[in-house]
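Presented below is the structure to which this report refers.
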Amino acid sequence: MFQLHTQSIRPMTTAHLAQTMTLLSLTVDELRQQIDSELASNPALELVEERRCPTCKRILGDMGSCPVCSSPLTHQDEPLVFVSPREDFYSKEGGVDKDSDFSDDGYSTVVDDLPTYVLRQIAPDLEIEDRRVAAHFLTHLDDDGLIEESCIIELARYYHLPISRILSIQKIIQHADPIGVGSCSTREAMLVQLEMLEEVCQVPDFARSIIEDGMNLLSRHQYAELAKKYHTSVSKIQNAFQFITENLNPFPARSHWGDMRQPAPDTAEVYHQPDIIIGHINEDESMPLMVEIIMPISGTLQINPMFRKAIKQVEESKKEEWKSDIERASLLVKCLQQRNHTMQRLMLEVVLRQKGAILNGDRHMQSLTRVELARELEVHESTISRAVAKKTVQLPNKKIVPLASFFDRSLNVRTVLCDLVAKEARPLSDSELAKLLAKEGFKVARRTVAKYRSMEGILPAHLRHTTV
DNA sequence: CTATGGCACGGATT
DNA sequence: AATCCGTGCCATAG
């Protein structure tokens with residue numbers, strides 16, 4: 001079954017294999033937690049002094065020479081892949097960290113990026129008891145970042161709290177970064193966003209009223225109706241409409257990939273910490289690419305040599321225990337190496353294949369499947385799946401995207417589609433779009449265009465109007 | 001008649 | 001084995 005790893009590091013036990021798998025699927029954050037706890041509980045494990053490159057001060061991991069300045073750059077077109085510990089990412093971690101055992105009643109498995117991201121922001125504003133509820137609340141969000149009203153009632157019953165209490169928690173959540181997240185409806189989400197915007201800039205007159213009770217008319221573009229309803233002119237309505245489409249997002253969770261044009265805050269505070277960073281050496285565009293696989297610790301893990309010596313003199317009864325400590329420690333170290341090794345090979349291959357996309361944007365994304373890559377690297381496909389899942393990459397342009405997007409068959413088509421729509425002179429129908437896409441080399445069915453449209457939140461042709 | 005959204009099927013992915 | 005995704009066919013709205 002497992003005929004993996006051509007030049008495998010060492011013979012593998014099943015335990016070894018199992019743990020490598022687990023480690024592989026962990027995020028930097030999770031990995032750090034894992035290592036920390038092992039370090040704390042296992043006396044045999046030791047973290048030795050980090051080594052810095054004498055020239056560039058970059059922290060060195062478990063490799064001999066510094067990849068940036070001292071390693072000879074022989075393969076000009078092969079990106080450099082290496083493991084890089086980055087403790088500075090973690091030094092400035094805010095409050096929540098220690099109480100990260102919040103969602104522990106069976107929901108812990110599914111805490112995804114968005115929920116944790118939101119929770120981090122709001123934790124300081126919450127009473128300790130409320131954090132659990134908030135965490136629980138956040139796990140019930142749907143893909144759009146909204147929540148069913150019934151969930152709120154259920155939560156109230158589950159925790160024996162008055163509904164008003166839950167609502168006040170919801171209110172805090174709604175004001176966290178994907179603004180409006182955790183609302184019960186798109187309407188509510190947009191109202192929250194509007195409220196925030198009102199504080200920083202001028203909002204057109206009827207925007208609020210329209211959202212409150214005119215959305216169904218608005219989505220059908222019945223401006224005349226609306227104008228009549230609010231006793232105003234059509235142009236004012238259109239003005240409000242434009243403002244709404246440009247600044248509000250009915251699906252808070254969707255805002256990550258798309259909009260970066262927002263008068264509001266953000267800019268600096270992005271999503272998570274990336275697990276991998278792709279960039280040019282010394283930020284110089286002409287230099288070859290380098291790929292850093294981030295390690296949550298600096299220095300090298302090893303078995304404490306003192307411990308090894310000491311075990312010989314320890315009394316018999318304890319010997320077994322000590323021995324198992326050493327076992328565990330060495331297993332962890334080996335698996336960690338294995339993990340890094342696999343990640344390096346994986347990323348090397350990914351970067352080679354997707355260089356176009358990494359440098360020039362998503363439209364150049366090649367269709368790459370996990371199976372393909374698995375064959376290439378001669379590992380089991382599930383290995384790739386695990387390695388890719390839940391991880392994020394920072395691209396040279398500083399954008400952070402999920403590693404899985406390199407395997408997304410349709411991402412390129414979708415971005416081109418967006419471009420097309422953005423550039424269109426007149427609303428194009430789905431079949432016309434399909435044709436244009438085919439011209440660009442993306443042959444997709446008309447029906448699929450429709451799906452992508454809705455995925456990207458683009459309205460159907462007859463509801464779009466030429467906003468220029 | 002055209003443009004779209006819904007349902008469902010088959011193949012790929014996990 | 002369970003799930004996701006692209007598509008084809010059909011019903012419905014304009």
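Please note that chains go A, B, ... in the order of the structure tokens, that every chain numbers its residues from 1, and that ligands are numbered from 1 in the order shown.
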
>> Env of stretch 6-14 of chain B: 8 Å cut, atoms = only C-alpha atoms (C1' of nucleotides), seq-sep filter 4 positions within chain, self excluded. Answer as a list in words.
In response: Ser382 and Ser385 of chain A; DT3 and DC4 of chain C

Go through chain A and flag each residue having an atom no more than 10 Å from chain C; for those, report the closest pair of atoms plus their distance in Å to one decimal, using only C-alpha atoms (C1' of nucleotides), ordered by chain and rising number, as CSV.
residue,atom,partner,partner_atom,distance
A:Arg409,CA,C:DC5,C1',9.5
A:Ser410,CA,C:DC5,C1',9.4
A:Val444,CA,C:DG6,C1',8.3
A:Ala445,CA,C:DT7,C1',6.8
A:Arg446,CA,C:DT7,C1',8.9
A:Arg447,CA,C:DT7,C1',7.0
A:Thr448,CA,C:DG6,C1',6.6
A:Lys451,CA,C:DG6,C1',9.5
A:His462,CA,C:DG14,C1',9.5

The selected residues should be written to file as a PDB file, in the first residue's frame (atoms: N, CA and C atoms).
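Result saved to part-v5.pdb:
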ATOM      1  N   ARG A 409      -9.516  24.031 -10.278  1.00  0.00           N
ATOM      2  CA  ARG A 409      -9.679  23.949 -11.727  1.00  0.00           C
ATOM      3  C   ARG A 409     -10.308  25.195 -12.324  1.00  0.00           C
ATOM      4  N   SER A 410     -11.202  25.787 -11.566  1.00  0.00           N
ATOM      5  CA  SER A 410     -12.012  26.814 -12.203  1.00  0.00           C
ATOM      6  C   SER A 410     -11.593  28.224 -11.848  1.00  0.00           C
ATOM      7  N   VAL A 444     -15.924  26.277 -21.622  1.00  0.00           N
ATOM      8  CA  VAL A 444     -16.863  25.857 -20.587  1.00  0.00           C
ATOM      9  C   VAL A 444     -18.286  25.973 -21.103  1.00  0.00           C
ATOM     10  N   ALA A 445     -19.139  25.140 -20.558  1.00  0.00           N
ATOM     11  CA  ALA A 445     -20.527  25.144 -20.992  1.00  0.00           C
ATOM     12  C   ALA A 445     -21.232  26.418 -20.541  1.00  0.00           C
ATOM     13  N   ARG A 446     -22.224  26.758 -21.271  1.00  0.00           N
ATOM     14  CA  ARG A 446     -22.999  27.948 -20.949  1.00  0.00           C
ATOM     15  C   ARG A 446     -23.528  27.871 -19.519  1.00  0.00           C
ATOM     16  N   ARG A 447     -24.000  26.696 -19.176  1.00  0.00           N
ATOM     17  CA  ARG A 447     -24.556  26.507 -17.847  1.00  0.00           C
ATOM     18  C   ARG A 447     -23.528  26.812 -16.761  1.00  0.00           C
ATOM     19  N   THR A 448     -22.316  26.465 -17.057  1.00  0.00           N
ATOM     20  CA  THR A 448     -21.251  26.662 -16.084  1.00  0.00           C
ATOM     21  C   THR A 448     -20.946  28.136 -15.879  1.00  0.00           C
ATOM     22  N   LYS A 451     -23.135  29.417 -13.387  1.00  0.00           N
ATOM     23  CA  LYS A 451     -22.735  29.050 -12.023  1.00  0.00           C
ATOM     24  C   LYS A 451     -21.621  29.945 -11.518  1.00  0.00           C
ATOM     25  N   HIS A 462     -29.628  40.623 -17.541  1.00  0.00           N
ATOM     26  CA  HIS A 462     -30.707  41.596 -17.625  1.00  0.00           C
ATOM     27  C   HIS A 462     -30.852  42.440 -16.369  1.00  0.00           C
TER      28      HIS A 462
END

> So which residues of stretch 383-452 of chain A fall under alpha helix (DSSP H) by DSSP, listed as an MDAnalysis selection string?
Replying inline: chainID A and resid 383:388 411:423 430:439 446:452

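Using only C-alpha atoms (C1' of nucleotides), one finds that the residues of chain A close to chain B, at 9 Å or less, are A:Thr369, A:Arg370, A:Val371, A:Glu381, A:Ser382, A:Ser385, A:Ser429, A:Asp430, A:Ser431, A:Arg447, A:Ala450, A:Pro460, A:Ala461, A:His462.
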
Can you write out the residues you just picked, keeping N, CA and C atoms, as a PDB file, in the first residue's frame?
ATOM      1  N   THR A 369      -4.070  18.760 -10.773  1.00  0.00           N
ATOM      2  CA  THR A 369      -4.817  17.968  -9.810  1.00  0.00           C
ATOM      3  C   THR A 369      -3.879  17.346  -8.794  1.00  0.00           C
ATOM      4  N   ARG A 370      -4.456  17.006  -7.690  1.00  0.00           N
ATOM      5  CA  ARG A 370      -3.652  16.425  -6.629  1.00  0.00           C
ATOM      6  C   ARG A 370      -3.085  15.088  -7.044  1.00  0.00           C
ATOM      7  N   VAL A 371      -3.875  14.363  -7.796  1.00  0.00           N
ATOM      8  CA  VAL A 371      -3.437  13.052  -8.235  1.00  0.00           C
ATOM      9  C   VAL A 371      -2.183  13.168  -9.097  1.00  0.00           C
ATOM     10  N   GLU A 381      -1.931  10.038  -2.948  1.00  0.00           N
ATOM     11  CA  GLU A 381      -2.673  11.270  -3.186  1.00  0.00           C
ATOM     12  C   GLU A 381      -3.255  11.879  -1.914  1.00  0.00           C
ATOM     13  N   SER A 382      -3.574  11.030  -0.978  1.00  0.00           N
ATOM     14  CA  SER A 382      -4.113  11.579   0.265  1.00  0.00           C
ATOM     15  C   SER A 382      -3.051  12.399   0.993  1.00  0.00           C
ATOM     16  N   SER A 385      -3.389  15.761  -0.428  1.00  0.00           N
ATOM     17  CA  SER A 385      -4.601  16.382   0.086  1.00  0.00           C
ATOM     18  C   SER A 385      -4.379  16.965   1.465  1.00  0.00           C
ATOM     19  N   SER A 429     -24.839  38.268 -22.163  1.00  0.00           N
ATOM     20  CA  SER A 429     -25.581  37.103 -21.693  1.00  0.00           C
ATOM     21  C   SER A 429     -24.595  35.964 -21.414  1.00  0.00           C
ATOM     22  N   ASP A 430     -25.080  34.971 -20.723  1.00  0.00           N
ATOM     23  CA  ASP A 430     -24.205  33.872 -20.348  1.00  0.00           C
ATOM     24  C   ASP A 430     -23.598  33.183 -21.557  1.00  0.00           C
ATOM     25  N   SER A 431     -24.418  32.968 -22.571  1.00  0.00           N
ATOM     26  CA  SER A 431     -23.879  32.261 -23.726  1.00  0.00           C
ATOM     27  C   SER A 431     -22.844  33.101 -24.469  1.00  0.00           C
ATOM     28  N   ARG A 447     -24.000  26.696 -19.176  1.00  0.00           N
ATOM     29  CA  ARG A 447     -24.556  26.507 -17.847  1.00  0.00           C
ATOM     30  C   ARG A 447     -23.528  26.812 -16.761  1.00  0.00           C
ATOM     31  N   ALA A 450     -23.024  30.434 -15.952  1.00  0.00           N
ATOM     32  CA  ALA A 450     -24.051  30.905 -15.025  1.00  0.00           C
ATOM     33  C   ALA A 450     -23.653  30.617 -13.587  1.00  0.00           C
ATOM     34  N   PRO A 460     -27.290  38.409 -13.077  1.00  0.00           N
ATOM     35  CA  PRO A 460     -27.571  38.011 -14.455  1.00  0.00           C
ATOM     36  C   PRO A 460     -27.644  39.222 -15.379  1.00  0.00           C
ATOM     37  N   ALA A 461     -27.439  38.964 -16.656  1.00  0.00           N
ATOM     38  CA  ALA A 461     -27.280  40.044 -17.639  1.00  0.00           C
ATOM     39  C   ALA A 461     -28.402  41.081 -17.588  1.00  0.00           C
ATOM     40  N   HIS A 462     -29.628  40.623 -17.541  1.00  0.00           N
ATOM     41  CA  HIS A 462     -30.707  41.596 -17.625  1.00  0.00           C
ATOM     42  C   HIS A 462     -30.852  42.440 -16.369  1.00  0.00           C
TER      43      HIS A 462
END

>> Set the distance at 10 Å and use only C-alpha atoms (C1' of nucleotides): which residues neighbour A:Lys355 once local chain neighbours fewer than 3 positions away are removed? I'd like the list as a VMD selection string.
In response: chain A and resid 79 289 349 to 352 358 to 361 364 to 366

> In Å to one decimal, how far is atom CA of A:Leu126 from atom CA of A:Tyr159?
Replying inline: 15.8 Å

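The gap separating atom CA of A:Gln337 from atom CA of A:Arg386 is 16.4 Å, in Å to one decimal.
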
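Atom pair atom CA of A:Val192 / atom CA of A:Gln238 has a distance of 21.1 Å (rounded to one decimal).
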
>> Set the distance at 12 Å and use only C-alpha atoms (C1' of nucleotides): which residues neighbour A:Ser168 once local chain neighbours fewer than 4 positions away are removed? I'd like the list as a list in words.
In response: Asp125, Leu126, Glu127, Asp130, Val133, Ala134, Ile152, Ala156, Leu161, Pro162, Ile163, Ser164, Ile172, Ile173, Gln174, His175, Gly182 and Ser183 of chain A

Can you spit out the residues from that selection as an mmCIF file, in the first residue's frame, using C-alpha atoms?
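That gives us out11.cif:
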data_model
loop_
_atom_site.group_PDB
_atom_site.id
_atom_site.type_symbol
_atom_site.label_atom_id
_atom_site.label_comp_id
_atom_site.auth_asym_id
_atom_site.auth_seq_id
_atom_site.Cartn_x
_atom_site.Cartn_y
_atom_site.Cartn_z
ATOM 1 C CA ASP A 125 -14.425 42.532 24.063
ATOM 2 C CA LEU A 126 -16.178 39.521 25.451
ATOM 3 C CA GLU A 127 -16.713 38.191 28.892
ATOM 4 C CA ASP A 130 -19.352 34.544 26.345
ATOM 5 C CA VAL A 133 -20.938 31.040 22.965
ATOM 6 C CA ALA A 134 -19.309 33.263 20.400
ATOM 7 C CA ILE A 152 -29.701 31.851 17.574
ATOM 8 C CA ALA A 156 -29.957 30.512 23.660
ATOM 9 C CA LEU A 161 -29.176 32.339 28.147
ATOM 10 C CA PRO A 162 -31.752 34.945 27.229
ATOM 11 C CA ILE A 163 -31.964 35.629 23.546
ATOM 12 C CA SER A 164 -31.041 39.222 24.136
ATOM 13 C CA ILE A 172 -20.164 42.404 18.529
ATOM 14 C CA ILE A 173 -19.470 39.772 15.923
ATOM 15 C CA GLN A 174 -21.155 41.796 13.237
ATOM 16 C CA HIS A 175 -18.766 44.635 13.801
ATOM 17 C CA GLY A 182 -22.890 36.704 11.627
ATOM 18 C CA SER A 183 -25.988 38.523 10.530
#

> So which residues touch A:Leu428 within 12 Å, counting only C-alpha atoms (C1' of nucleotides), skipping near sequence neighbours fewer than 2 positions away, as a PyMOL selection string?
Replying inline: (chain A and resi 417-418+420-426+430-437+449-450+453+458-466) or (chain B and resi 3)

Print the selection's residues with C-alpha atoms (C1' of nucleotides) to a file, as a CSV table (one decimal), in the first residue's frame.
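Saved the output as out_26.csv:
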chain,number,residue,atom,x,y,z
A,417,LEU,CA,-14.9,35.9,-16.3
A,418,CYS,CA,-14.9,38.7,-13.8
A,420,LEU,CA,-14.8,40.2,-18.9
A,421,VAL,CA,-17.8,41.4,-17.0
A,422,ALA,CA,-15.9,44.3,-15.6
A,423,LYS,CA,-14.8,45.3,-19.0
A,424,GLU,CA,-18.1,44.7,-20.8
A,425,ALA,CA,-19.6,47.6,-22.7
A,426,ARG,CA,-23.1,46.2,-22.4
A,430,ASP,CA,-24.2,33.9,-20.3
A,431,SER,CA,-23.9,32.3,-23.7
A,432,GLU,CA,-22.1,35.3,-25.1
A,433,LEU,CA,-19.7,35.1,-22.2
A,434,ALA,CA,-19.2,31.5,-22.8
A,435,LYS,CA,-18.2,32.2,-26.3
A,436,LEU,CA,-15.8,34.9,-25.3
A,437,LEU,CA,-14.2,32.6,-22.7
A,449,VAL,CA,-20.8,30.3,-16.9
A,450,ALA,CA,-24.1,30.9,-15.0
A,453,ARG,CA,-21.4,34.2,-12.2
A,458,ILE,CA,-22.4,38.8,-10.5
A,459,LEU,CA,-26.0,39.5,-11.3
A,460,PRO,CA,-27.6,38.0,-14.5
A,461,ALA,CA,-27.3,40.0,-17.6
A,462,HIS,CA,-30.7,41.6,-17.6
A,463,LEU,CA,-30.2,42.9,-14.1
A,464,ARG,CA,-26.8,44.3,-14.7
A,465,HIS,CA,-26.6,47.8,-15.9
A,466,THR,CA,-23.7,49.6,-17.4
B,3,DA,C1',-31.7,33.8,-21.0

>> Taking the DSSP secondary structure from the backbone, can you list the residues of stretch 252-401 of chain A that are strand (DSSP E), as a PyMOL selection string?
In response: chain A and resi 276-280+289-295+300-303+392-394+400-401

With N, CA and C atoms kept, could you save the residues just selected as a tab-separated table (two decimals), in the first residue's frame?
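Contents of selection-v3.tsv, freshly written:
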chain	number	residue	atom	x	y	z
A	276	ILE	N	3.27	29.40	4.10
A	276	ILE	CA	4.35	29.38	3.12
A	276	ILE	C	4.45	30.76	2.52
A	277	ILE	N	5.64	31.20	2.25
A	277	ILE	CA	5.80	32.49	1.60
A	277	ILE	C	6.56	32.30	0.30
A	278	ILE	N	6.01	32.85	-0.75
A	278	ILE	CA	6.72	32.81	-2.02
A	278	ILE	C	7.10	34.24	-2.35
A	279	GLY	N	8.34	34.43	-2.69
A	279	GLY	CA	8.75	35.78	-3.00
A	279	GLY	C	10.05	35.77	-3.77
A	280	HIS	N	10.48	36.94	-4.15
A	280	HIS	CA	11.77	37.02	-4.83
A	280	HIS	C	12.85	37.23	-3.78
A	289	LEU	N	12.82	32.99	-7.84
A	289	LEU	CA	11.84	32.87	-6.77
A	289	LEU	C	12.41	32.06	-5.62
A	290	MET	N	11.91	32.38	-4.45
A	290	MET	CA	12.23	31.50	-3.34
A	290	MET	C	10.95	31.17	-2.59
A	291	VAL	N	10.95	30.03	-2.01
A	291	VAL	CA	9.78	29.58	-1.30
A	291	VAL	C	10.17	29.26	0.13
A	292	GLU	N	9.56	29.94	1.04
A	292	GLU	CA	9.87	29.65	2.43
A	292	GLU	C	8.74	28.88	3.05
A	293	ILE	N	9.08	27.77	3.63
A	293	ILE	CA	8.08	27.03	4.37
A	293	ILE	C	8.27	27.40	5.83
A	294	ILE	N	7.26	28.03	6.36
A	294	ILE	CA	7.43	28.62	7.68
A	294	ILE	C	7.37	27.58	8.79
A	295	MET	N	8.35	27.64	9.65
A	295	MET	CA	8.32	26.79	10.83
A	295	MET	C	7.99	27.66	12.02
A	300	THR	N	16.73	24.24	16.40
A	300	THR	CA	16.58	22.87	15.97
A	300	THR	C	16.10	22.01	17.12
A	301	LEU	N	15.20	21.15	16.83
A	301	LEU	CA	14.74	20.22	17.84
A	301	LEU	C	15.65	19.01	17.84
A	302	GLN	N	15.99	18.56	18.99
A	302	GLN	CA	16.78	17.34	19.05
A	302	GLN	C	16.56	16.65	20.39
A	303	ILE	N	17.10	15.47	20.49
A	303	ILE	CA	16.99	14.77	21.75
A	303	ILE	C	18.06	15.31	22.68
A	392	THR	N	-2.14	28.21	3.89
A	392	THR	CA	-2.21	29.42	3.09
A	392	THR	C	-0.83	29.84	2.60
A	393	VAL	N	-0.80	30.52	1.50
A	393	VAL	CA	0.46	30.92	0.88
A	393	VAL	C	0.46	32.42	0.67
A	394	GLN	N	1.59	33.02	0.91
A	394	GLN	CA	1.70	34.42	0.57
A	394	GLN	C	2.46	34.55	-0.74
A	400	ILE	N	-2.49	36.87	0.26
A	400	ILE	CA	-2.49	35.57	0.90
A	400	ILE	C	-3.65	34.75	0.37
A	401	VAL	N	-3.33	33.63	-0.20
A	401	VAL	CA	-4.38	32.79	-0.77
A	401	VAL	C	-4.23	31.38	-0.21
